[in-house]
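Chemist: Hey, dropping run_23.cif in here, mmCIF, C-alpha atoms:
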```
data_coords
#
loop_
_atom_site.label_atom_id
_atom_site.label_comp_id
_atom_site.auth_asym_id
_atom_site.auth_seq_id
_atom_site.Cartn_x
_atom_site.Cartn_y
_atom_site.Cartn_z
CA MET F 37 47.06 150.67 -36.84
CA SER F 38 48.00 147.25 -38.07
CA ALA F 39 47.15 148.04 -41.67
CA ALA F 40 50.59 148.95 -42.98
CA PRO F 41 53.69 147.45 -41.30
CA TYR F 42 56.17 150.04 -40.07
CA LYS F 43 58.83 150.78 -42.61
CA PRO F 44 62.08 151.66 -40.86
CA SER F 45 64.28 154.37 -42.29
CA ARG F 46 67.90 153.97 -43.27
CA TRP F 47 68.90 156.06 -40.26
CA GLU F 48 67.47 153.63 -37.79
CA PHE F 49 69.65 150.85 -39.16
CA GLN F 50 72.62 153.20 -39.18
CA GLY F 51 71.80 154.09 -35.59
CA VAL F 52 71.92 150.45 -34.57
CA ARG F 53 75.29 150.03 -36.30
CA LEU F 54 76.65 153.20 -34.75
CA TRP F 55 75.50 152.04 -31.35
CA HIS F 56 77.33 148.72 -31.82
CA ALA F 57 80.46 150.61 -32.75
CA ALA F 58 80.21 152.96 -29.76
CA LEU F 59 79.62 150.11 -27.33
CA LEU F 60 82.37 147.89 -28.71
CA GLY F 61 84.77 150.83 -28.90
CA GLY F 62 84.12 151.71 -25.26
CA PHE F 63 84.51 148.08 -24.23
CA VAL F 64 87.79 147.68 -26.12
CA ILE F 65 89.21 150.88 -24.61
CA ALA F 66 88.13 149.75 -21.14
CA TRP F 67 89.67 146.33 -21.77
CA VAL F 68 93.09 147.59 -22.83
CA THR F 69 93.29 150.32 -20.18
CA GLY F 70 92.54 147.97 -17.28
CA ASP F 71 96.01 148.61 -15.89
CA GLU F 72 96.49 151.03 -12.98
CA ASP F 73 98.62 153.32 -15.14
CA THR F 74 95.68 154.21 -17.37
CA TYR F 75 93.00 154.31 -14.73
CA ALA F 76 91.47 157.67 -15.74
CA MET F 77 90.92 156.41 -19.27
CA HIS F 78 89.59 153.11 -17.98
CA LEU F 79 87.07 154.91 -15.79
CA PHE F 80 86.01 157.12 -18.69
CA ALA F 81 85.54 154.11 -20.97
CA GLY F 82 83.43 152.39 -18.30
CA TRP F 83 81.16 155.42 -17.95
CA TRP F 84 80.99 155.57 -21.74
CA VAL F 85 79.75 151.97 -21.94
CA ALA F 86 77.16 152.62 -19.24
CA ALA F 87 75.95 155.78 -20.98
CA VAL F 88 75.78 154.14 -24.40
CA VAL F 89 73.69 151.26 -23.07
CA THR F 90 71.37 153.66 -21.21
CA LEU F 91 70.89 155.77 -24.34
CA ARG F 92 70.09 152.62 -26.27
CA LEU F 93 67.38 151.64 -23.81
CA VAL F 94 65.88 155.15 -23.97
CA ALA F 95 65.90 154.96 -27.78
CA ALA F 96 64.24 151.56 -27.62
CA LEU F 97 61.42 152.92 -25.45
CA LEU F 98 60.84 155.83 -27.82
CA ALA F 99 61.08 153.82 -31.03
CA PRO F 100 57.84 152.73 -32.73
CA ALA F 101 57.07 149.01 -32.91
CA GLY F 102 58.79 147.44 -35.90
CA SER F 103 61.75 149.78 -35.78
CA PRO F 104 65.16 148.10 -35.58
CA LEU F 105 65.72 150.26 -32.52
CA ALA F 106 62.83 148.60 -30.64
CA LEU F 107 63.68 145.87 -28.18
CA LYS F 108 61.30 143.34 -29.73
CA ARG F 109 61.73 142.34 -33.32
CA PRO F 110 59.41 140.13 -35.34
CA ASN F 111 60.69 136.63 -36.05
CA ARG F 112 63.93 137.12 -34.23
CA ASN F 113 65.96 133.95 -33.97
CA GLN F 114 65.87 132.59 -30.42
CA MET F 115 69.56 131.92 -30.33
CA LEU F 116 70.14 135.56 -31.21
CA THR F 117 67.73 136.73 -28.49
CA VAL F 118 69.62 134.75 -25.86
CA SER F 119 72.92 136.02 -27.17
CA ILE F 120 71.76 139.67 -27.15
CA LEU F 121 70.34 139.44 -23.66
CA SER F 122 73.35 137.73 -22.15
CA THR F 123 75.86 140.03 -23.87
CA LEU F 124 73.97 143.15 -22.84
CA ALA F 125 73.40 141.96 -19.28
CA LEU F 126 77.05 141.03 -18.78
CA THR F 127 78.37 144.23 -20.36
CA VAL F 128 76.06 146.38 -18.24
CA LEU F 129 76.98 144.47 -15.11
CA ALA F 130 80.68 144.77 -15.97
CA ALA F 131 80.36 148.54 -16.49
CA PHE F 132 78.33 149.25 -13.38
CA SER F 133 80.34 146.91 -11.14
CA GLY F 134 83.42 148.80 -12.33
CA ILE F 135 81.86 152.15 -11.50
CA ALA F 136 80.88 150.77 -8.11
CA ALA F 137 84.37 149.33 -7.57
CA ASP F 138 85.76 152.85 -7.89
CA VAL F 139 84.28 153.62 -4.46
CA ALA F 140 84.06 150.05 -3.12
CA PRO F 141 87.36 148.32 -3.96
CA PHE F 142 86.15 144.89 -2.81
CA LEU F 143 84.08 144.80 -6.02
CA GLU F 144 87.23 144.76 -8.16
CA ASP F 145 87.43 140.97 -8.42
CA PRO F 146 83.78 140.47 -9.40
CA HIS F 147 84.21 143.35 -11.86
CA GLU F 148 87.14 141.62 -13.54
CA ALA F 149 85.26 138.33 -13.71
CA LEU F 150 82.28 140.07 -15.32
CA ALA F 151 84.56 141.80 -17.81
CA VAL F 152 86.11 138.49 -18.86
CA MET F 153 82.65 136.93 -19.19
CA SER F 154 81.48 139.90 -21.28
CA LEU F 155 84.37 139.37 -23.67
CA TRP F 156 83.31 135.76 -24.19
CA ALA F 157 79.69 136.81 -24.58
CA ILE F 158 80.68 139.39 -27.21
CA GLY F 159 82.67 136.81 -29.13
CA LEU F 160 79.73 134.39 -29.06
CA HIS F 161 77.34 137.19 -30.03
CA VAL F 162 79.43 137.92 -33.13
CA LEU F 163 79.41 134.24 -34.02
CA VAL F 164 75.64 133.92 -33.53
CA ALA F 165 74.95 137.09 -35.51
CA VAL F 166 77.07 135.83 -38.36
CA ILE F 167 75.25 132.49 -38.39
CA VAL F 168 71.76 133.97 -38.07
CA PHE F 169 72.07 136.67 -40.71
CA LYS F 170 72.58 134.28 -43.59
CA GLY F 171 76.24 134.42 -42.83
CA ARG F 172 76.74 130.67 -43.02
CA GLN F 173 78.51 130.95 -46.32
CA TRP F 174 80.64 133.76 -45.01
CA LEU F 175 81.35 131.77 -41.86
CA ARG F 176 82.32 128.77 -43.93
CA ARG F 177 84.72 130.91 -45.90
CA VAL F 178 86.20 132.45 -42.74
CA SER F 179 86.58 129.10 -41.03
CA ALA F 180 88.18 127.66 -44.15
CA ALA F 181 90.65 130.55 -44.09
CA LEU F 182 91.26 130.00 -40.37
CA VAL F 183 91.94 126.31 -40.97
CA VAL F 184 94.39 127.20 -43.73
CA VAL F 185 96.12 129.72 -41.45
CA ALA F 186 96.28 127.20 -38.60
CA LEU F 187 97.55 124.44 -40.86
CA GLY F 188 100.18 126.80 -42.19
CA ALA F 189 101.20 128.16 -38.80
CA VAL F 190 101.83 124.86 -37.04
CA PRO F 191 104.52 123.49 -39.34
CA ALA F 192 105.82 127.02 -39.92
CA LEU F 193 106.94 127.04 -36.30
CA ALA F 194 109.05 123.96 -36.86
CA ALA F 195 109.80 124.21 -40.58
CA ASP F 196 111.01 127.65 -41.47
CA PRO F 197 111.86 128.13 -45.15
CA ALA F 198 115.04 129.98 -44.18
CA ARG F 199 116.09 127.01 -42.04
CA ASP F 200 115.36 124.57 -44.87
CA ALA F 201 117.46 126.71 -47.20
CA ILE F 202 120.39 126.60 -44.76
CA VAL F 203 120.25 122.80 -44.55
CA ALA F 204 119.87 122.56 -48.35
CA ALA F 205 122.96 124.75 -48.84
CA TYR F 206 125.00 122.46 -46.55
CA ALA F 207 123.66 119.43 -48.48
CA ALA F 208 124.88 120.95 -51.76
CA GLN F 209 128.29 121.60 -50.18
CA ALA F 210 128.41 118.09 -48.77
CA LYS F 211 127.81 116.60 -52.22
CA GLN F 212 130.72 118.64 -53.55
CA GLN F 213 133.03 117.61 -50.72
CA ASP F 214 132.06 113.94 -50.77
CA ALA F 215 130.78 112.11 -53.84
CA GLY F 216 129.33 109.35 -51.66
CA PHE F 217 127.15 111.76 -49.59
CA SER F 218 123.70 110.29 -49.07
CA GLY F 219 121.83 112.71 -46.83
CA PHE F 220 122.18 114.00 -43.28
CA SER F 221 121.64 111.91 -40.18
CA ALA F 222 120.19 113.09 -36.88
CA ALA F 223 121.93 110.18 -35.13
CA ARG F 224 125.35 111.26 -36.40
CA GLY F 225 124.45 114.82 -35.41
CA GLU F 226 123.65 113.71 -31.88
CA ALA F 227 126.90 111.77 -31.62
CA LEU F 228 128.77 114.91 -32.74
CA TYR F 229 126.87 116.98 -30.18
CA ARG F 230 127.91 114.68 -27.33
CA LEU F 231 131.43 113.76 -28.50
CA ARG F 232 134.14 114.93 -26.09
CA HIS F 233 137.38 116.34 -27.45
CA THR F 234 140.68 117.12 -25.81
CA VAL F 235 141.63 120.28 -27.74
CA ASN F 236 139.99 122.62 -25.27
CA PRO F 237 139.74 121.17 -21.76
CA GLU F 238 137.41 123.95 -20.62
CA ILE F 239 134.95 123.37 -23.45
CA ALA F 240 135.30 119.70 -24.39
CA SER F 241 131.99 119.24 -26.16
CA CYS F 242 128.94 121.04 -27.56
CA SER F 243 127.05 119.69 -24.56
CA THR F 244 129.49 121.38 -22.16
CA CYS F 245 127.67 124.67 -22.66
CA HIS F 246 124.41 123.52 -24.25
CA THR F 247 123.92 120.79 -21.58
CA ASP F 248 123.10 117.13 -22.22
CA ASP F 249 119.54 118.12 -23.08
CA PRO F 250 119.55 120.61 -25.98
CA THR F 251 115.97 121.65 -25.23
CA LYS F 252 117.19 123.18 -21.95
CA PRO F 253 118.93 126.54 -21.69
CA GLY F 254 122.68 126.28 -21.34
CA ARG F 255 125.45 128.36 -19.84
CA HIS F 256 128.76 129.37 -21.38
CA ALA F 257 131.38 127.27 -19.60
CA LYS F 258 133.84 130.14 -19.36
CA THR F 259 131.83 133.35 -19.15
CA GLY F 260 128.75 132.07 -17.33
CA ARG F 261 126.53 133.73 -19.95
CA VAL F 262 123.11 132.07 -20.19
CA ILE F 263 122.58 130.48 -23.62
CA GLU F 264 119.09 129.92 -24.97
CA PRO F 265 118.19 126.34 -25.96
CA VAL F 266 119.68 125.12 -29.27
CA ALA F 267 116.89 122.66 -30.05
CA VAL F 268 114.40 124.20 -32.46
CA SER F 269 111.42 122.75 -30.56
CA ALA F 270 112.43 124.79 -27.52
CA ASN F 271 113.69 127.84 -29.39
CA PRO F 272 112.14 128.46 -32.84
CA LYS F 273 114.57 131.33 -33.49
CA ARG F 274 117.42 128.88 -33.99
CA PHE F 275 119.11 128.37 -37.39
CA VAL F 276 117.20 130.93 -39.48
CA GLU F 277 120.07 133.30 -40.28
CA ALA F 278 122.58 131.66 -42.58
CA ASP F 279 125.58 133.85 -41.77
CA LYS F 280 124.96 133.57 -38.04
CA VAL F 281 124.81 129.77 -38.28
CA GLU F 282 128.02 129.66 -40.32
CA GLU F 283 129.74 132.07 -37.92
CA ARG F 284 128.84 129.91 -34.93
CA PHE F 285 130.07 126.76 -36.67
CA MET F 286 133.34 128.48 -37.52
CA ARG F 287 133.88 129.69 -33.96
CA ASP F 288 132.67 126.67 -32.06
CA CYS F 289 134.21 123.97 -34.29
CA LYS F 290 137.58 125.69 -34.01
CA SER F 291 137.18 126.27 -30.27
CA ILE F 292 136.08 122.72 -29.45
CA PHE F 293 137.47 120.48 -32.22
CA GLY F 294 140.43 122.67 -33.14
CA ARG F 295 139.41 122.58 -36.82
CA VAL F 296 136.59 123.63 -39.11
CA CYS F 297 133.65 121.25 -39.48
CA THR F 298 132.73 119.57 -42.74
CA ALA F 299 129.43 120.39 -44.47
CA THR F 300 128.21 116.89 -43.58
CA GLU F 301 128.94 117.46 -39.88
CA LYS F 302 127.14 120.80 -39.95
CA GLY F 303 124.10 119.32 -41.70
CA ASP F 304 123.98 116.34 -39.33
CA TYR F 305 124.15 118.68 -36.34
CA LEU F 306 121.34 120.87 -37.69
CA THR F 307 119.22 117.82 -38.56
CA PHE F 308 119.60 116.54 -35.00
CA LEU F 309 118.57 119.84 -33.42
CA ILE F 310 115.76 120.63 -35.87
CA ASN F 311 114.10 117.30 -35.13
CA ARG F 312 114.82 117.34 -31.46
CA MET Q 269 107.77 177.58 -15.15
CA LYS Q 270 108.11 176.82 -11.46
CA ARG Q 271 107.41 173.17 -12.24
CA LEU Q 272 110.01 173.10 -14.97
CA ILE Q 273 112.67 174.49 -12.64
CA LEU Q 274 111.71 172.01 -9.95
CA ALA Q 275 111.83 169.13 -12.41
CA THR Q 276 115.28 170.20 -13.61
CA ILE Q 277 116.63 170.46 -10.07
CA LEU Q 278 115.14 167.09 -9.17
CA SER Q 279 116.50 165.28 -12.21
CA VAL Q 280 119.97 166.73 -11.70
CA ALA Q 281 119.82 165.72 -8.04
CA VAL Q 282 118.91 162.18 -9.05
CA ALA Q 283 121.31 161.86 -11.97
CA ALA Q 284 124.35 163.63 -10.53
CA PRO Q 285 125.46 161.05 -7.95
CA ALA Q 286 125.24 158.25 -10.50
CA MET Q 287 127.35 160.19 -12.98
CA ALA Q 288 129.84 161.47 -10.44
CA GLY Q 289 130.15 158.10 -8.71
CA GLY Q 290 131.66 156.59 -11.83
CA ASP Q 291 129.42 153.57 -11.55
CA TRP Q 292 127.63 154.43 -14.73
CA VAL Q 293 129.03 153.92 -18.22
CA ALA Q 294 127.39 154.65 -21.53
CA PRO Q 295 125.61 151.44 -22.58
CA VAL Q 296 126.36 149.72 -25.88
CA LYS Q 297 123.99 151.07 -28.50
CA ASP Q 298 125.39 149.58 -31.70
CA PRO Q 299 123.16 146.62 -32.66
CA LEU Q 300 125.95 144.72 -34.42
CA THR Q 301 128.25 145.04 -31.40
CA LEU Q 302 125.44 143.95 -29.08
CA LYS Q 303 124.69 140.92 -31.21
CA GLU Q 304 128.21 139.76 -32.03
CA CYS Q 305 129.87 140.41 -28.68
CA GLY Q 306 126.78 139.61 -26.66
CA SER Q 307 126.34 136.04 -27.86
CA CYS Q 308 129.00 134.47 -25.62
CA HIS Q 309 129.33 137.10 -22.92
CA MET Q 310 127.81 140.41 -22.00
CA ALA Q 311 128.65 143.02 -24.63
CA PHE Q 312 131.03 145.05 -22.47
CA GLN Q 313 130.83 148.81 -22.68
CA PRO Q 314 133.56 150.31 -24.89
CA ALA Q 315 134.56 152.76 -22.14
CA PHE Q 316 136.09 149.89 -20.17
CA LEU Q 317 139.18 149.65 -22.41
CA SER Q 318 141.37 152.06 -24.31
CA ALA Q 319 141.17 152.32 -28.09
CA ASP Q 320 144.55 150.59 -28.37
CA ALA Q 321 143.39 147.68 -26.25
CA TRP Q 322 140.22 147.26 -28.34
CA ARG Q 323 142.25 147.34 -31.55
CA LYS Q 324 144.63 144.70 -30.21
CA MET Q 325 141.74 142.45 -29.18
CA MET Q 326 139.79 142.84 -32.39
CA SER Q 327 142.84 141.99 -34.49
CA ASN Q 328 143.20 138.59 -32.84
CA LEU Q 329 139.68 137.12 -32.62
CA ALA Q 330 140.90 133.69 -33.70
CA ASN Q 331 142.37 133.41 -30.22
CA HIS Q 332 139.95 135.31 -28.03
CA PHE Q 333 141.07 134.40 -24.50
CA GLY Q 334 141.54 130.82 -25.68
CA ASP Q 335 138.38 130.57 -27.75
CA ASN Q 336 137.66 131.27 -31.37
CA ALA Q 337 135.52 134.37 -31.94
CA GLU Q 338 136.17 135.02 -35.62
CA MET Q 339 133.66 136.87 -37.76
CA ALA Q 340 133.43 138.33 -41.24
CA PRO Q 341 136.04 141.06 -41.87
CA ASP Q 342 133.42 143.74 -42.52
CA LYS Q 343 131.86 143.02 -39.12
CA VAL Q 344 135.28 143.15 -37.44
CA SER Q 345 136.02 146.59 -38.87
CA ALA Q 346 132.55 147.97 -38.08
CA ILE Q 347 132.74 146.80 -34.47
CA THR Q 348 136.34 147.98 -34.05
CA GLN Q 349 135.24 151.36 -35.35
CA TYR Q 350 132.43 151.54 -32.79
CA LEU Q 351 134.58 150.33 -29.87
CA THR Q 352 137.50 152.64 -30.54
CA ALA Q 353 135.28 155.67 -31.18
CA ASN Q 354 133.70 155.14 -27.74
CA ALA Q 355 136.75 153.78 -25.93
CA GLY Q 356 137.72 154.81 -22.41
CA GLY Q 357 140.19 157.53 -21.66
CA TYR Q 358 143.00 157.92 -19.16
CA ARG Q 359 140.91 156.89 -16.15
CA ARG Q 360 140.92 153.23 -17.04
CA GLY Q 361 143.74 153.73 -19.52
CA VAL Q 362 145.45 150.38 -19.78
CA SER Q 363 146.96 148.78 -22.81
CA ASP Q 364 146.18 145.33 -21.51
CA SER Q 365 143.23 143.83 -23.37
CA LYS Q 366 141.45 142.15 -20.51
CA ILE Q 367 138.99 144.33 -18.63
CA THR Q 368 139.06 142.11 -15.55
CA ASP Q 369 142.89 142.36 -15.33
CA THR Q 370 142.99 146.12 -15.03
CA ALA Q 371 144.05 147.73 -11.77
CA TRP Q 372 140.82 149.66 -11.89
CA PHE Q 373 138.77 146.45 -11.93
CA ALA Q 374 140.76 145.01 -9.00
CA ARG Q 375 140.31 148.18 -6.97
CA LYS Q 376 136.58 148.25 -7.63
CA HIS Q 377 136.20 144.61 -6.59
CA ARG Q 378 138.67 144.48 -3.70
CA LYS Q 379 135.92 143.72 -1.18
CA VAL Q 380 134.53 140.78 -3.13
CA ALA Q 381 135.37 137.49 -1.41
CA PRO Q 382 137.32 135.01 -3.59
CA GLU Q 383 134.65 132.32 -3.29
CA VAL Q 384 132.08 134.63 -4.89
CA TRP Q 385 133.90 134.42 -8.25
CA THR Q 386 133.65 130.65 -8.39
CA ARG Q 387 129.98 130.45 -7.43
CA LYS Q 388 127.93 128.46 -9.93
CA ASP Q 389 125.83 131.43 -10.98
CA VAL Q 390 128.90 133.66 -11.37
CA MET Q 391 131.56 131.36 -12.84
CA SER Q 392 133.68 134.13 -14.25
CA ARG Q 393 134.84 137.66 -13.54
CA SER Q 394 133.48 138.61 -16.92
CA ASN Q 395 129.92 137.70 -15.91
CA CYS Q 396 128.98 141.25 -14.82
CA PRO Q 397 125.19 140.73 -14.84
CA ALA Q 398 125.49 137.92 -12.28
CA CYS Q 399 125.87 140.60 -9.58
CA HIS Q 400 125.26 143.92 -11.38
CA LYS Q 401 121.74 143.16 -12.57
CA GLN Q 402 121.63 146.29 -14.74
CA ALA Q 403 125.15 145.95 -16.11
CA GLU Q 404 123.93 145.73 -19.70
CA GLN Q 405 122.31 149.15 -19.27
CA GLY Q 406 125.61 150.51 -17.98
CA LEU Q 407 124.52 150.70 -14.34
CA TYR Q 408 127.02 149.28 -11.87
CA ASP Q 409 125.91 151.30 -8.89
CA ASP Q 410 124.28 148.39 -7.08
CA ASP Q 411 127.10 147.18 -4.85
#
```
Here is the file; what I need is its structure written in the form of structure tokens.

Modeler:
Amino acid sequence: MSAAPYKPSRWEFQGVRLWHAALLGGFVIAWVTGDEDTYAMHLFAGWWVAAVVTLRLVAALLAPAGSPLALKRPNRNQMLTVSILSTLALTVLAAFSGIAADVAPFLEDPHEALAVMSLWAIGLHVLVAVIVFKGRQWLRRVSAALVVVALGAVPALAADPARDAIVAAYAAQAKQQDAGFSGFSAARGEALYRLRHTVNPEIASCSTCHTDDPTKPGRHAKTGRVIEPVAVSANPKRFVEADKVEERFMRDCKSIFGRVCTATEKGDYLTFLINR
Amino acid sequence: MKRLILATILSVAVAAPAMAGGDWVAPVKDPLTLKECGSCHMAFQPAFLSADAWRKMMSNLANHFGDNAEMAPDKVSAITQYLTANAGGYRRGVSDSKITDTAWFARKHRKVAPEVWTRKDVMSRSNCPACHKQAEQGLYDDD
């Protein structure tokens, strides 16, 4: 018997892959249909997961030793064994607790907890599998890509190229208007923001509607309309559309100051709120 | 077939009072109008003023009830086009350009106590959504 080691066929490996796909697919469907509105589908997906796991266990019992379908594999990494067992156990418990909760509603909370734990276990299982199956290089590449994405995303929230272009355009204008222009100032922008004018007694200052703290939502002093925060840190959608920014400056400068603002004033104001 | 008939009867029964009551107006669908008009106040439904009143208002945005609401000329004409094409008819037919000054508005709000208008969360007669939570969808049937 032990003369020649069992040589698994291509189909057994395909079977294992297909089984992974069926299980993950069922889990994903169950996860996204957890809402009451899609309960029939959720129930179906739960039964699907239970059936797929059961079939897998039957296949494992029937498979010859050495087949990838068998439960025991030679030289299997211990970390992977733990990961497989915990993922399977949690998924099965999640599925069957859900089926039980259909008739015994008090099981709903434990079912949800098990589902959340299964999701974590699945994520860890993927990670372990990648590491164990000579995927270190691949993992390194993926994590490098993730780091790049993360590094790119963080400043992207604060520094939008469109926003930079708007400030740059005002800087170019400011140079034209004033030969002695030497850059924008957040301090001057803040002073402008808080300065009170007498042109329009109902709206004396930017802060009348935008409040003293630009990171807080404001309220239009005349219409009562809620205004989202103007500070970029609190509202990343601010100052990314050039014509909208210019339109607001035109309206609000005329309404509050009774005149148009200079390019320097606009740039100072933006600099203040971008860094706020 | 039976179901279809039942569904039709039911939906008419539900929709009819809202339509007949006059507390529903077609909501603003034009994205430019929603964006431009909606930035300082609710984008009011075009049916609330006559075409003449909208034209008068849109030709004087530099002084929009005391504030400046100017915008690029192409936006002005596109919005005017939308507002006048969907303007109200005889029922609210007033040439005045302030919705809250119309006799119709006063009649509709005659039971509202004066102090309500000055409440901090209301502030203005033009702040429809303060009381009519679904005003932006054209539903005013919640008084």

Chemist: Give me the result of the PyMOL selection byres ((chain Q) within 12 of (chain F)) on this file, residue by residue, as a PyMOL selection string.

Modeler: chain Q and resi 300+303-311+329-341+343+368+385-399

Chemist: Quick one: everything within 10 Å of Pro265 of chain F, counting only C-alpha atoms, minus sequence neighbours fewer than 6 positions away in the same chain. Send it as a PyMOL selection string.

Modeler: chain F and resi 246-247+249-255+271-274+309

Chemist: Using all atoms listed in the file for the distances, tell me which of F:Val185, F:Leu306, F:Ala165, F:Ile202 is nearest to Gly225 of chain F.

Modeler: F:Leu306

Chemist: Could you tell me, as a PyMOL selection string, exactly which residues end up selected when the PyMOL selection byres ((chain F and resi 231) around 12) is applied to this structure?

Modeler: chain F and resi 224-230+232-234+239-244+248+292-293+305

Chemist: On this structure, the PyMOL selection byres ((chain F and resi 209) around 12) would catch which residues? List them as number ranges by chain, sorted by chain and number.

Modeler: F: 202-208, 210-215, 217, 219-220, 297-303

Chemist: If you take every atom of segment 219-237 of chain F that the file lists and fit an axis-aligned box around them with 5 Å extra on each side, what centre and edge lengths come out in Å to one decimal, as JSON?

Modeler:
```
{"center_x": 130.9, "center_y": 116.4, "center_z": -34.3, "size_x": 31.4, "size_y": 22.4, "size_z": 35.1}
```

Chemist: If I take atom CA of Val88 of chain F and atom CA of Gly51 of chain F, how far is one from the other in Å, to one decimal?

Modeler: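 Separation between atom CA of Val88 of chain F and atom CA of Gly51 of chain F: 11.9 Å.
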
Chemist: Within 9 Å of Leu155 of chain F, counting all atoms listed in the file, which residues qualify if same-chain residues fewer than 5 places away don't, as a list in words?

Modeler: Phe63, Trp67, Thr123, Leu126, Thr127, Leu150 and Leu160 of chain F

Chemist: If I take atom CA of His78 of chain F and atom CA of Phe49 of chain F, how far is one from the other in Å, to one decimal?

Modeler: 29.2 Å

Chemist: Write out as a PDB file with C-alpha atoms, in the frame of the given file which residues come within 12 Å of Ala136 of chain F when counting only C-alpha atoms, dropping same-chain ones fewer than 5 positions away.

Modeler:
```
ATOM      1  CA  LEU F  79      87.070 154.910 -15.790  1.00  0.00           C
ATOM      2  CA  GLY F  82      83.430 152.390 -18.300  1.00  0.00           C
ATOM      3  CA  TRP F  83      81.160 155.420 -17.950  1.00  0.00           C
ATOM      4  CA  ALA F  86      77.160 152.620 -19.240  1.00  0.00           C
ATOM      5  CA  LEU F 129      76.980 144.470 -15.110  1.00  0.00           C
ATOM      6  CA  ALA F 130      80.680 144.770 -15.970  1.00  0.00           C
ATOM      7  CA  ALA F 131      80.360 148.540 -16.490  1.00  0.00           C
ATOM      8  CA  PRO F 141      87.360 148.320  -3.960  1.00  0.00           C
ATOM      9  CA  PHE F 142      86.150 144.890  -2.810  1.00  0.00           C
ATOM     10  CA  LEU F 143      84.080 144.800  -6.020  1.00  0.00           C
ATOM     11  CA  GLU F 144      87.230 144.760  -8.160  1.00  0.00           C
ATOM     12  CA  ASP F 145      87.430 140.970  -8.420  1.00  0.00           C
ATOM     13  CA  PRO F 146      83.780 140.470  -9.400  1.00  0.00           C
ATOM     14  CA  HIS F 147      84.210 143.350 -11.860  1.00  0.00           C
TER      15      HIS F 147
END
```
